[in-house]
Structure formats: C-alpha cells, structure tokens
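K.L.:
My structure is in work-v1.txt, and what it holds is compact mmCIF, C-alpha atoms:
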# COMPACT_ATOMS: atom_id res chain seq x y z
CA MET A 15 -33.53 52.47 57.24
CA ASN A 16 -34.30 49.35 59.28
CA ARG A 17 -33.04 48.66 62.77
CA TRP A 18 -29.92 46.93 61.48
CA ASP A 19 -29.03 49.99 59.43
CA THR A 20 -29.58 52.19 62.47
CA ALA A 21 -27.38 49.92 64.60
CA LEU A 22 -24.63 50.12 61.97
CA ALA A 23 -24.86 53.93 61.80
CA CYS A 24 -24.71 54.17 65.61
CA SER A 25 -21.66 51.87 65.68
CA ILE A 26 -19.86 54.12 63.19
CA LEU A 27 -20.76 57.17 65.30
CA LEU A 28 -19.34 55.49 68.40
CA VAL A 29 -16.10 54.57 66.62
CA THR A 30 -15.84 58.14 65.31
CA ALA A 31 -16.32 59.58 68.81
CA ALA A 32 -13.72 57.20 70.24
CA LEU A 33 -11.20 58.11 67.53
CA TRP A 34 -11.77 61.83 68.12
CA THR A 35 -10.68 61.53 71.72
CA VAL A 36 -7.22 60.30 70.68
CA SER A 37 -6.65 63.05 68.09
CA PRO A 38 -3.49 65.10 68.62
CA VAL A 39 -3.78 68.55 70.18
CA SER A 40 -2.76 71.90 68.71
CA ALA A 41 0.79 73.16 69.20
CA ASP A 42 3.10 76.07 68.40
CA GLU A 43 5.10 73.83 66.11
CA ALA A 44 4.10 71.78 63.09
CA ILE A 45 5.98 68.89 61.55
CA LEU A 46 6.46 68.60 57.80
CA ASN A 47 7.06 65.00 56.76
CA GLY A 48 8.43 64.16 53.33
CA PRO A 49 10.18 61.24 51.63
CA ASN A 50 13.55 62.76 52.59
CA GLY A 51 12.83 63.33 56.29
CA SER A 52 11.05 65.70 58.65
CA THR A 53 11.20 69.42 59.35
CA SER A 54 9.97 71.19 62.47
CA VAL A 55 8.21 74.47 61.70
CA ASN A 56 7.75 77.33 64.18
CA LEU A 57 4.24 78.67 63.56
CA SER A 58 4.98 82.03 65.23
CA LEU A 59 7.36 83.00 62.40
CA ASP A 60 5.90 83.79 58.99
CA ALA A 61 7.80 81.87 56.32
CA THR A 62 7.50 79.65 53.27
CA TYR A 63 8.66 76.03 53.21
CA VAL A 64 9.13 73.83 50.16
CA VAL A 65 9.17 70.08 50.79
CA ALA A 66 10.54 67.74 48.14
CA GLY A 67 8.01 65.02 47.38
CA ALA A 68 7.87 61.80 45.39
CA VAL A 69 6.53 63.43 42.20
CA GLY A 70 7.62 67.04 42.68
CA SER A 71 7.40 69.52 45.51
CA VAL A 72 4.83 70.85 47.97
CA GLU A 73 4.92 74.44 49.20
CA PHE A 74 3.64 75.46 52.63
CA SER A 75 3.14 78.97 53.92
CA VAL A 76 3.11 80.06 57.57
CA ARG A 77 1.04 83.20 58.19
CA ASP A 78 -0.48 84.51 61.42
CA GLY A 79 0.25 81.32 63.34
CA GLU A 80 -1.30 79.02 60.73
CA ILE A 81 0.27 76.79 58.12
CA VAL A 82 -1.42 76.09 54.78
CA CYS A 83 -0.45 74.27 51.61
CA VAL A 84 -0.25 76.89 48.84
CA ASP A 85 1.17 74.90 45.93
CA SER A 86 1.74 71.28 44.94
CA SER A 87 2.88 69.34 41.90
CA CYS A 88 0.25 66.61 42.45
CA SER A 89 -2.50 66.05 39.88
CA ASP A 90 -5.65 66.57 41.95
CA GLY A 91 -4.44 69.43 44.19
CA LEU A 92 -6.54 68.20 47.10
CA CYS A 93 -3.87 69.31 49.59
CA GLN A 94 -4.20 72.92 48.41
CA HIS A 95 -7.88 72.88 49.31
CA MET A 96 -7.49 71.45 52.80
CA GLY A 97 -7.16 74.84 54.46
CA PRO A 98 -5.00 75.55 57.50
CA LEU A 99 -3.60 72.69 59.59
CA LYS A 100 -5.92 71.79 62.47
CA PRO A 101 -5.67 69.30 65.34
CA GLY A 102 -6.77 65.90 64.08
CA ARG A 103 -6.77 67.09 60.47
CA PRO A 104 -3.31 66.87 58.93
CA ILE A 105 -2.61 68.30 55.49
CA VAL A 106 -1.82 65.33 53.28
CA CYS A 107 -0.41 65.21 49.77
CA ALA A 108 -0.51 61.45 49.20
CA PRO A 109 0.98 61.44 45.65
CA ASN A 110 4.04 63.30 46.97
CA GLY A 111 4.13 61.45 50.29
CA VAL A 112 4.16 64.78 52.15
CA ILE A 113 2.28 65.45 55.39
CA ALA A 114 1.95 68.51 57.64
CA ARG A 115 0.87 67.63 61.17
CA PHE A 116 1.03 68.67 64.79
CA ASP A 117 3.41 66.60 66.82
CA ARG A 118 1.84 64.16 69.26
CA PRO A 119 2.48 65.11 72.89
CA GLY A 120 5.63 63.32 73.95
CA GLY A 121 6.15 61.99 70.44
CA GLY A 122 9.64 61.86 68.99
CA LEU A 123 11.01 62.31 65.51
CA ASP A 124 13.23 59.98 63.54
CA ALA A 125 15.05 62.87 61.89
CA VAL A 126 14.95 66.66 61.95
CA SER A 127 16.50 68.83 59.29
CA ARG A 128 16.21 72.50 58.51
CA MET B 19 -32.72 31.66 17.34
CA ARG B 20 -31.34 32.33 20.81
CA SER B 21 -32.67 30.48 23.83
CA PRO B 22 -34.30 32.41 26.71
CA ALA B 23 -31.25 31.61 28.85
CA GLU B 24 -28.90 33.12 26.26
CA ARG B 25 -31.11 36.20 25.94
CA GLY B 26 -31.14 36.57 29.72
CA HIS B 27 -27.35 36.34 29.78
CA ALA B 28 -27.06 38.96 27.04
CA ALA B 29 -29.41 41.27 28.93
CA ARG B 30 -27.35 40.80 32.09
CA VAL B 31 -24.07 41.55 30.29
CA THR B 32 -25.65 44.61 28.67
CA GLU B 33 -26.94 45.94 31.96
CA ILE B 34 -23.62 45.40 33.74
CA GLY B 35 -21.91 47.24 30.87
CA LEU B 36 -24.35 50.12 31.29
CA LEU B 37 -23.69 50.19 35.02
CA ILE B 38 -19.91 50.33 34.40
CA ALA B 39 -20.51 53.27 32.06
CA LEU B 40 -22.71 54.96 34.66
CA ALA B 41 -20.10 54.40 37.38
CA CYS B 42 -17.40 55.93 35.16
CA VAL B 43 -19.46 59.00 34.26
CA LEU B 44 -20.49 59.62 37.88
CA GLY B 45 -16.95 58.97 39.11
CA ALA B 46 -15.43 61.34 36.53
CA VAL B 47 -17.95 64.10 37.25
CA GLU B 48 -17.33 63.81 40.96
CA ARG B 49 -13.58 63.80 40.48
CA VAL B 50 -13.74 67.04 38.50
CA LEU B 51 -16.02 68.65 41.07
CA SER B 52 -14.16 67.38 44.18
CA PRO B 53 -12.05 70.55 44.74
CA THR B 54 -15.34 72.38 45.34
CA ALA B 55 -16.37 70.01 48.15
CA LEU B 56 -17.38 71.62 51.45
CA VAL B 57 -14.92 69.42 53.34
CA PRO B 58 -11.69 68.60 51.44
CA GLY B 59 -11.33 64.89 50.81
CA VAL B 60 -15.02 64.19 51.31
CA ARG B 61 -16.82 62.91 48.25
CA LEU B 62 -20.38 61.73 47.89
CA GLY B 63 -19.24 58.53 46.18
CA LEU B 64 -21.79 58.79 43.38
CA ALA B 65 -20.12 55.97 41.42
CA ASN B 66 -21.11 53.66 44.24
CA VAL B 67 -24.74 54.02 43.09
CA ALA B 68 -23.97 51.89 40.03
CA ILE B 69 -21.96 49.37 42.07
CA LEU B 70 -24.71 49.05 44.68
CA VAL B 71 -27.38 48.56 41.99
CA ALA B 72 -25.22 45.85 40.38
CA LEU B 73 -24.81 44.19 43.78
CA MET B 74 -28.51 44.15 44.56
CA ARG B 75 -29.59 43.00 41.09
CA TYR B 76 -26.85 40.53 40.15
CA GLY B 77 -24.78 39.82 43.26
CA PRO B 78 -21.19 40.37 44.44
CA LYS B 79 -19.51 39.10 41.26
CA ALA B 80 -21.30 41.65 39.06
CA ALA B 81 -20.60 44.41 41.59
CA GLY B 82 -16.93 43.41 41.56
CA ILE B 83 -16.86 43.64 37.75
CA VAL B 84 -18.41 47.14 37.88
CA THR B 85 -15.92 48.17 40.58
CA LEU B 86 -12.89 46.92 38.62
CA GLY B 87 -14.20 48.34 35.35
CA LYS B 88 -14.72 51.74 36.91
CA LEU B 89 -11.29 51.72 38.59
CA LEU B 90 -9.50 50.82 35.35
CA ILE B 91 -11.40 53.17 33.03
CA ILE B 92 -11.26 56.16 35.39
CA GLY B 93 -7.61 55.37 36.14
CA PHE B 94 -6.68 55.32 32.45
CA ALA B 95 -8.78 58.42 31.69
CA PHE B 96 -7.09 60.49 34.39
CA GLY B 97 -3.67 58.84 34.12
CA THR B 98 -3.74 57.54 37.66
CA VAL B 99 -4.15 53.80 37.12
CA ILE B 100 -0.52 53.19 38.12
CA GLY B 101 0.76 55.23 41.04
CA PRO B 102 -0.24 56.32 44.51
CA ILE B 103 -3.65 57.73 43.57
CA GLY B 104 -4.51 54.53 41.70
CA LEU B 105 -3.46 52.42 44.68
CA ILE B 106 -5.50 54.54 47.10
CA SER B 107 -8.58 54.47 44.84
CA ALA B 108 -8.31 50.73 44.25
CA THR B 109 -7.92 49.93 47.94
CA GLY B 110 -10.93 52.06 48.84
CA GLY B 111 -13.04 50.60 46.04
CA ILE B 112 -12.17 47.00 46.84
CA ALA B 113 -12.75 47.56 50.58
CA ALA B 114 -16.16 49.07 49.85
CA TRP B 115 -17.07 46.21 47.52
CA GLY B 116 -15.98 43.65 50.13
CA ALA B 117 -17.97 45.27 52.93
CA MET B 118 -21.10 45.70 50.81
CA SER B 119 -20.89 42.13 49.48
CA ALA B 120 -20.50 40.74 53.00
CA LEU B 121 -23.47 42.68 54.35
CA SER B 122 -25.72 41.94 51.37
CA GLY B 123 -25.17 38.24 52.03
CA LEU B 124 -26.61 38.59 55.55
CA ASP B 125 -30.06 39.65 54.25
CA ARG B 126 -30.53 41.95 57.26
CA PHE B 127 -29.51 45.36 55.95
CA SER B 128 -31.38 47.59 53.51
CA MET B 129 -29.68 49.28 50.55
CA VAL B 130 -29.07 52.31 52.77
CA GLY B 131 -27.30 50.24 55.44
CA ILE B 132 -25.19 48.44 52.85
CA SER B 133 -24.29 51.79 51.31
CA ILE B 134 -23.25 53.20 54.71
CA ALA B 135 -20.99 50.17 55.24
CA GLY B 136 -19.51 50.66 51.78
CA ALA B 137 -18.82 54.34 52.39
CA ALA B 138 -17.18 53.64 55.77
CA ALA B 139 -15.09 50.78 54.36
CA HIS B 140 -14.05 53.00 51.44
CA VAL B 141 -12.73 55.62 53.88
CA VAL B 142 -10.87 53.06 55.97
CA GLY B 143 -9.39 51.42 52.87
CA GLN B 144 -8.31 54.70 51.30
CA LEU B 145 -6.69 56.05 54.45
CA SER B 146 -4.92 52.74 55.09
CA ALA B 147 -3.49 52.85 51.58
CA ALA B 148 -2.58 56.54 52.01
CA ALA B 149 -0.76 55.64 55.24
CA VAL B 150 1.25 53.03 53.33
CA VAL B 151 1.95 55.44 50.44
CA THR B 152 3.10 58.27 52.71
CA GLY B 153 4.83 55.90 55.14
CA SER B 154 3.11 57.60 58.06
CA ALA B 155 0.15 56.65 60.23
CA THR B 156 -0.58 60.37 60.69
CA VAL B 157 -2.95 60.14 57.73
CA LEU B 158 -5.22 57.96 59.87
CA SER B 159 -5.99 60.97 62.07
CA LEU B 160 -8.30 62.07 59.24
CA LEU B 161 -10.38 58.98 60.01
CA PRO B 162 -12.86 60.60 62.47
CA VAL B 163 -13.80 63.41 60.06
CA LEU B 164 -14.09 61.17 57.02
CA LEU B 165 -15.82 58.35 58.91
CA LEU B 166 -18.41 60.81 60.21
CA ALA B 167 -18.89 62.12 56.68
CA SER B 168 -19.44 58.56 55.44
CA LEU B 169 -22.79 58.45 57.27
CA PRO B 170 -24.64 61.17 55.32
CA THR B 171 -22.88 60.27 52.07
CA GLY B 172 -23.70 56.58 52.57
CA ILE B 173 -27.35 57.38 53.28
CA ALA B 174 -27.58 59.66 50.22
CA VAL B 175 -25.98 57.07 47.92
CA GLY B 176 -28.21 54.33 49.37
CA LEU B 177 -31.37 56.35 48.72
CA LEU B 178 -30.20 57.21 45.19
CA SER B 179 -29.42 53.53 44.52
CA ARG B 180 -32.87 52.51 45.72
CA LEU B 181 -34.43 55.11 43.43
CA LEU B 182 -32.35 54.01 40.44
CA SER B 183 -33.01 50.34 41.12
CA SER B 184 -36.75 50.94 41.20
CA ARG B 185 -36.59 52.85 37.90
CA ILE B 186 -34.59 50.21 35.99
CA SER B 187 -37.23 48.01 34.42
CA ARG B 188 -36.67 44.72 32.68
CA PRO B 189 -38.71 45.78 29.60
CA VAL B 190 -36.07 48.41 28.75
CA LEU B 191 -33.58 45.64 28.03
CA SER B 192 -36.13 43.17 26.72
CA ALA B 193 -36.59 45.43 23.67
CA ALA B 194 -33.05 44.48 22.62
CA GLU B 195 -33.72 40.83 23.28
CA GLY B 196 -36.57 40.48 20.80
Show me the file's structure as structure tokens.
P.N.:
Amino acid sequence: MNRWDTALACSILLVTAALWTVSPVSADEAILNGPNGSTSVNLSLDATYVVAGAVGSVEFSVRDGEIVCVDSSCSDGLCQHMGPLKPGRPIVCAPNGVIARFDRPGGGLDAVSR
Amino acid sequence: MRSPAERGHAARVTEIGLLIALACVLGAVERVLSPTALVPGVRLGLANVAILVALMRYGPKAAGIVTLGKLLIIGFAFGTVIGPIGLISATGGIAAWGAMSALSGLDRFSMVGISIAGAAAHVVGQLSAAAVVTGSATVLSLLPVLLLASLPTGIAVGLLSRLLSSRISRPVLSAAEG
C-alpha cells in the first residue's frame, strides 16, 4: 500500500465512524416495513409475525426481547442469516422489500397496522 | 497469415474471455458460500479479482466488459438477472467499476488502493439500490458495518489481484498465437 492507498483507507474509516454516530438506538419496539405498510412490534411479548412481501412472505419471531427473521420466500435467504435485530443493523429482505428496524427517536410512521 | 496486430487482438479477446469465466466461477462460488459468511451480507468480492486484473492489463473498457459479462452470466445462471437482486448486483458492480476506473486513471493508487475503492463503491451502490428497491432509506444504516468490512475485503482482493496479475504471463497466450 502506498500513501495514497493509506489516505483512502483512512478516509473510509472516518466516514464509517461518522456514520456510526448517527445510527439509531435500541428500543422496546421494532418496526416491520413491507410493501403494504408498517407494523409496530412490542419486543417484550413473544410472538410470530408474517409480513407480505413483493415475492412472497417473510416471517419474524420475537423471543426474549429480540426479533429475528426465521423464514423467507426469497432466493438467497440472506435475511434469515442476519441474526437478531440490532441498533444500526436492520434486518433486510431486499427481494421482498421487507425491513425490520428500530424506530428513529422522534421519527414518525406513515401508516401503522396490526 | 495473421499480422502481429491481429494476433495481439486475438490474444486480448481470449484473455478477456478467460477473465469473464474466472469472474463467473469466483462469483458463483462466493454466492453459494455467502450464507456461511461471518457477517451476513459481507462478501469478499472474489469476482473483483478478475475485473481488477482486466482493468490493470487492458483498461476500463475491458474491465467494463468483464463486469457486464459476469453480471449477465451469473444473473442468468441463478435466475436473478431481472428483478431486485439483479438490480442491486448490477448497481454495485457498475459503481465498483466506475470507482476503480476513475482511480486507475489517476496513476497514484496501487492495485490495493483501487480495490479498496471498488469494494467501498460496491457497498454504496448496492445499498443505494436496495434502498430504492425496498422504498426505505433504513437500509443505508447498514452502511457503517459494510463500509468498514470493505477495507479488509478490498485489501485482500487487491493483494490477490496483484498475485494473479504477476502470474499471468504473455507466453501462455502466445502458444495459441503461433
């Protein structure tokens, strides 16, 4: 690596650090976004949620205060390997257009359905 | 009897074809192995080795051909050429190609630096496309994790590309020219 490479790597590190500071914080509620709207999920209650997606459905499970994707109709199944939802790391099923995320502090929703 | 210029062109076409094949094999292997990745969504980007070698040996146009060839062949093989996964892959691939081509033209960065830029641009391109596909900017909150991961993956791919580039010798193709 020459000095230009090092400068580029440092720039990426700086951008990463800056982006990390604006990541959303953890919360007691998660938001499930799908093509048909959004659902607010209470993480203190164990339950299973199925969200209709663009190419099928995505199933989420709430256990012990955590929400994980347990099943999806997408081809690569990446969302099922993402583990529990964490601040700054939403669970994304891009083919289905489904996202599980923590709500941003003070952020509002366009629609809530249950 | 072919002229030296024609033989050189044939050798170039042959090598670019081999690099497309290499990109497809590496891309397919990585796609199959991706669920076993330590961090979900993070891939080494092995196919970028072939694209980077094409860029350094023949320039941006050849690298663009390898990129497009890989995107189409992998897309058809896995049935994702049309659809959200195809769009996300294409956006990432084209962003990486654009960034690497731009930096290679500056003559300041080594293969490792160009590879890092390609890996970072790939992440930004893919997440931007994913944000469009899902209709939510929430996807972009994965950017810090994936951007950080692009540093070691970019360095690894850059070192592999340098190794491969040093091992590809002209005489291998000149045997077919004679």
K.L.:
Which chain A residues are at most 10 Å from chain B (counting only C-alpha atoms), as a VMD selection string?
P.N.:
chain A and resid 15 to 24 26 to 38 47 to 49 67 to 68 88 to 97 101 to 118
K.L.:
Could you check how far CA of Asn56 in chain A sits from CA of Phe74 in chain A, in Å to one decimal?
P.N.:
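Those two atoms sit 12.4 Å apart.
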K.L.:
Please, what distance in Å, to one decimal, runs between CA of Ser87 in chain A and CA of Val141 in chain B?
P.N.:
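Atom-to-atom, CA of Ser87 in chain A and CA of Val141 in chain B are spaced 24.0 Å apart.
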K.L.:
Measuring atom to atom with all atoms listed in the file, identify which of B:Ala72, B:Arg180, B:Ala39, B:Ala108 is nearest to Leu86 in chain B.
P.N.:
B:Ala108
K.L.:
Figure out the distance between CA of Lys88 in chain B and CA of Gly45 in chain B, please, to one decimal in Å.
P.N.:
7.9 Å
K.L.:
Counting only C-alpha atoms, figure out which residue out of B:Arg25, B:Ala80, B:Ile92, B:Gly63 gets nearest to Ala46 in chain B.
P.N.:
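With only C-alpha atoms as the atom set, the closest residue is B:Ile92.
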K.L.:
Kindly indicate which residue among B:Ala155, B:Leu124, B:Met118, B:Val99 lies nearest to Ala139 in chain B, using all atoms listed in the file for the distances.
P.N.:
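Going through B:Ala155, B:Leu124, B:Met118, B:Val99 one by one, the smallest distance to Ala139 in chain B is for B:Met118.
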